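Right, one structure below, let's go through it.
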Amino acid sequence: MSIAPSSPPDSTPPLAAFYAAAVDWAHTDGRTWIYLFKAIAAALLALGVAMKLQLPQPGSAMTTVFIVMQPQSGMVFAKSFYRIFGTLVGLVVMLALLGLFAQQPELFIVSTAIWIGFCTAGAARYRNFRSYGFVLAGYTAAVIGFPAALHPDDAFLAALTRVTVVMVGIISAGTVSALVFPQYAGEKMRTAVRERFCTFVEFVSASLSGRLDRAHIEAVHALFVGDIVGFEAIRSVAVFDSPDARMRSGRLSRLNSEFMAASTRCHALHQLINRLHEAGSSVTIEALEPYFKEIAPLLHRSGEPVLSAADAAHAAAQLEAFKAALRRRVRATRAALEARPDVQWLDFDTAAELLYRFVDDLHAYTATYASLAVDTHERERWVERYEAKTNAIAAGVAGVRAALVIIVLGAFWIATAWPSGSMLLLTAATYCALVSLSPYPTRFALQMAGGTLLSSLAGLVAMFVIYPHIDGFPLLCAALTPFLLVGVYMTTKPSIAGWGIGYCIYFCFLAGPDNLVRYDPSSFLNNALALVLALLVSSIAFAVLLPPSTPWLRNRLLVDLRRQVVPACHARLTRLRSRFESGTRDLMFQICALAEGEPEVRRDTLRWVFAVLEVGNAIIDLRSKLATLPADARYAETMPWRASIRTMRDAVAALFGQPDPDRLAAALSATADAVVAVQQTLVTFMPPREEPDQLQRILSDLHFIRSALLDPQSPMTALVGGTSNACEGTRHGS
């Protein structure tokens with residue numbers, strides 16, 4: 001009698017399974033809990049040092065810790081650097097204002113409001129931790145100035161002690177972050193570099209093989225935009241915490257720039273093939289399709305996609321060999337097609353030129369990625385940088401809004417002589433600045449308000465229920481830990497981070513213990529009421545004075561996005577491409593952040609981004625080729641064909657500056673005239689061989705610009721009443 005074999009038992013030893021689960025937890029939730037206890041330990045350390053030094057308002061040291069503390073050590077160092085700089089600037093400005101207007105409260109309030117408004121505008125204008133320098137220059141002025149205004153005779157000493165408290169918080173946060181289970185941004189950056197390269201390799205393979213529809217391609221490019229902006233933020237932080245990142249900073253910046261160029265070329269090539277499909281240029285597509293299929297295997301090694309920087313060296317070598325032979329092979333393909341009468345040569349030459357540029361950009365990106373495997377490399381010499389693009393009007397509105405809030409609340413303080421007036425103005429200044437920094441200002445403002453109300457309730461319990469029953473610093477730490485843990489935990493969750501920030505900052509304001517705790521319910525309620533009133537007035541200002549959530553800001557940013565083509569047409573060529581690429585993507589990132597939950601707006605923005613990138617890059621390519629033409633009378637600026645190109649550039653710049661049907665017609669006409677003029681130039685004289693190739697490439701740029709303007713997927717067609725949606729189901733080109 002046979003017995004069916006039983007299923008084999010689990011061969012994994014219990015200890016090994018436990019170890020694997022522990023490692024997985026340590027890399028996920030474990031990191032969050034480590035950060036929680038590090039933040040609380042730093043806050044309590046700052047509180048203890050400030051109390052030991054008998055500094056006034058030691059709770060401000062805790063507030064400083066929560067403002068500068070970040071999961072990665074480099075983020076803390078970077079934030080602390082700019083906070084120190086901003087603190088010192090705010091100290092100098094406020095001492096000057098106190099010296100000038102100590103006896104004129106009205107002028108003091110107005111001048112301080114102007115300074116805070118200026119700092120808020122600077123915070124909204126700039127990005128990353130530089131913006132924090134502006135925030136803290138205004139915040140420090142408020143922290144020092146408003147309480148000192150009540151006692152101007154002691155202003156200098158009060159300012160120095162307040163700055164000392166801030167420095168204690170900064171040093172405590174940096175020390176704990178660096179010494180206790182340090183987490184470095186460089187590790188996160190290495191992971192981001194590898195994952196982005198792998199994702200792009202897969203995207204190129206799928207895109208050129210025709211396996212992706214338009215909606216998926218748009219979604220991937222939207223993710224690329226967020227990745228580019230986030231990568232630059234991580235890179236700017238990593239140089240503070242990692243010698244390895246500092247050694248490779250130039251290459252990392254170059255990698256981001258080359259990724260932008262390669263992704264733009266990939267999309268432009270894909271769109272051109274789509275347009276050739278629509279135009280029925282099947283011969284061109286069939287002739288070039290084998291080259292498309294050869295690209296993806298070059299990014300693999302032993303049948304597997306390239307992952308590490310060391311393996312990328314092999315892919316870079318293969319791409320370099322492919323690029324070196326590409327022009328010769330394409331010429332041979334062109335010669336084989338010369339007997340066919342149905343070939344559209346302008347389409348063929350334009351597609352071939354764009355293919356070559358894509359391979360060139362892809363090779364540069366891969367070579368830079370491969371160079372990261374060594375400590376030093378010649379590709380480190382890179383002077384171009386990512387340049388954020390922020391609307392000056394929006395930044396100015398943020399500054400004016402903050403100044404008006406301070407003036408209104410300052411007038412209320414003067415009229416009522418409210419004892420908590422300094423807390424009122426300080427809260428409003430902090431609130432306006434922090435909300436202006438957020439990419440989701442409306443949601444962040446509401447969350448901060450909720451966190452502040454929660455901190456008032458928690459502070460009430462801590463101050464009047466817990467503190468009377470404890471004695472000594474150890475018990476104080478034990479009593480504060482549960483309250484602080486709630487707020488810090490909320491800051492680790494992006495969806496409710498505003499709650500955590502509002503809770504942590506204002507809990508320390510309200511219930512941060514002094515050296516001598518005063519159980520004064522009247523003062524506590526006054527301060528809590530000041531917090532609520534400041535948030536109420538500031539929220540009303542955000543809702544009434546050109547709120548960031550309304551379409552006006554999106555429209556201004558969209559105008560800025562379209563006008564990126566104008567400098568592409570006329571600005572100096574030095575570093576123009578990197579400014580153009582990074583500025584365009586940065587504007588798109590801001591628009592999409594403001595249009596959260598509005599997919600139609602995001603989709604329309606993405607269509608404008610593609611149009612701007614395609615046309616703008618083609619014009620920069622065109623101008624670069626014109627700048628390298630030989631010194632010959634036939635290529636002089638005064639030649640008719642050069643004049644026709646200048647007319648085309650002016651027409652395209654006018655079109656993107658303010659699109660309308662007449663400007664679109666003028667741009668198309670000027671582009672057609674330029675194409676004809678260059679074609680005639682090619683026919684009328686016979687220069688050396690390399691010069692016709694250069695003129696042919698200029699002709700390809702002009703033809704690509706015209707085809708991009710005529711693209712049925714372009715937002716131009718919908719803008720002037722075209723039927724851009726008629727081709728939504730366009731087949732993909734390869």
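In the structure tokens, the first chain shown is A, the next is B, and so on; residue numbers restart at 1 for each chain, and ligands run from 1 in the order shown.
Around Ser253 in chain A, within 9 Å and counting only C-alpha atoms, the residues found are Glu232, Arg235, Arg248, Glu258, Trp382, Val383, Glu384, Arg385 and Tyr386 of chain A, once anything fewer than 5 positions away on its own chain is removed.
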Quick one: residues within 10 Å of Glu614 in chain A, only C-alpha atoms counted, chain neighbours fewer than 2 positions away excluded, as an NGL selection string?
:A and (264-265 or 267-269 or 271-272 or 565 or 608-612 or 616-619 or 704-705 or 708-709)
Determine, counting only C-alpha atoms, which protein, DNA and RNA residues have an atom within 12 Å of an atom of Phe197 in chain A; residues of the same chain fewer than 6 positions away are not included. Present the result as a ChimeraX atom specification.
/A:190-191,203-204,224,227,255-256,258-259,262-263,299,305-309,311-312,315,362,365-370
Within range 221-340 of chain A, find each residue whose DSSP state, derived from the backbone, is strand (DSSP E or B), and express the selection as a PyMOL selection string.
chain A and resi 300-301+304-305
Grab the residues selected above and save them as a tab-separated table (two decimals), in the first residue's frame with N, CA and C atoms.
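Ended up saving to part-v2.tsv:
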chain	number	residue	atom	x	y	z
A	300	HIS	N	22.30	46.37	-22.15
A	300	HIS	CA	22.25	45.11	-21.41
A	300	HIS	C	23.64	44.47	-21.40
A	301	ARG	N	23.85	43.62	-20.42
A	301	ARG	CA	25.10	42.86	-20.34
A	301	ARG	C	24.75	41.43	-19.98
A	304	GLU	N	21.08	40.77	-19.35
A	304	GLU	CA	20.43	41.43	-18.23
A	304	GLU	C	20.64	42.93	-18.31
A	305	PRO	N	19.63	43.73	-17.90
A	305	PRO	CA	19.81	45.18	-17.93
A	305	PRO	C	20.95	45.63	-17.01
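With only C-alpha atoms as the atoms that count, the minimum distance from Gln318 in chain A to the choices A:His363, A:Arg697, A:Arg31, A:Lys389 is reached by A:His363.
Each of A:Val675, A:Cys504, A:Cys266, A:Val239 was compared to Phe200 in chain A using only C-alpha atoms, and A:Cys266 turns out to be the nearest.
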Give me, as a tab-separated table, each residue of range 421-511 of chain A that comes within 10 Å of range 133-153 of chain A, together with its shortest interatomic pair and the distance in Å at one decimal, counting only C-alpha atoms, with rows ordered by chain and rising residue number.
residue	atom	partner	partner_atom	distance
A:Gly421	CA	A:Phe146	CA	8.2
A:Ser422	CA	A:Phe146	CA	5.1
A:Met423	CA	A:Phe146	CA	8.1
A:Leu424	CA	A:Phe146	CA	9.5
A:Leu425	CA	A:Ala142	CA	7.4
A:Leu426	CA	A:Ala142	CA	5.4
A:Thr427	CA	A:Ala142	CA	8.9
A:Ala428	CA	A:Ala142	CA	9.5
A:Ala429	CA	A:Tyr139	CA	6.5
A:Thr430	CA	A:Tyr139	CA	6.0
A:Tyr431	CA	A:Tyr139	CA	9.7
A:Cys432	CA	A:Val135	CA	9.5
A:Ala433	CA	A:Val135	CA	5.9
A:Leu434	CA	A:Val135	CA	7.5
A:Ser436	CA	A:Val135	CA	9.6
A:Leu437	CA	A:Val135	CA	8.8
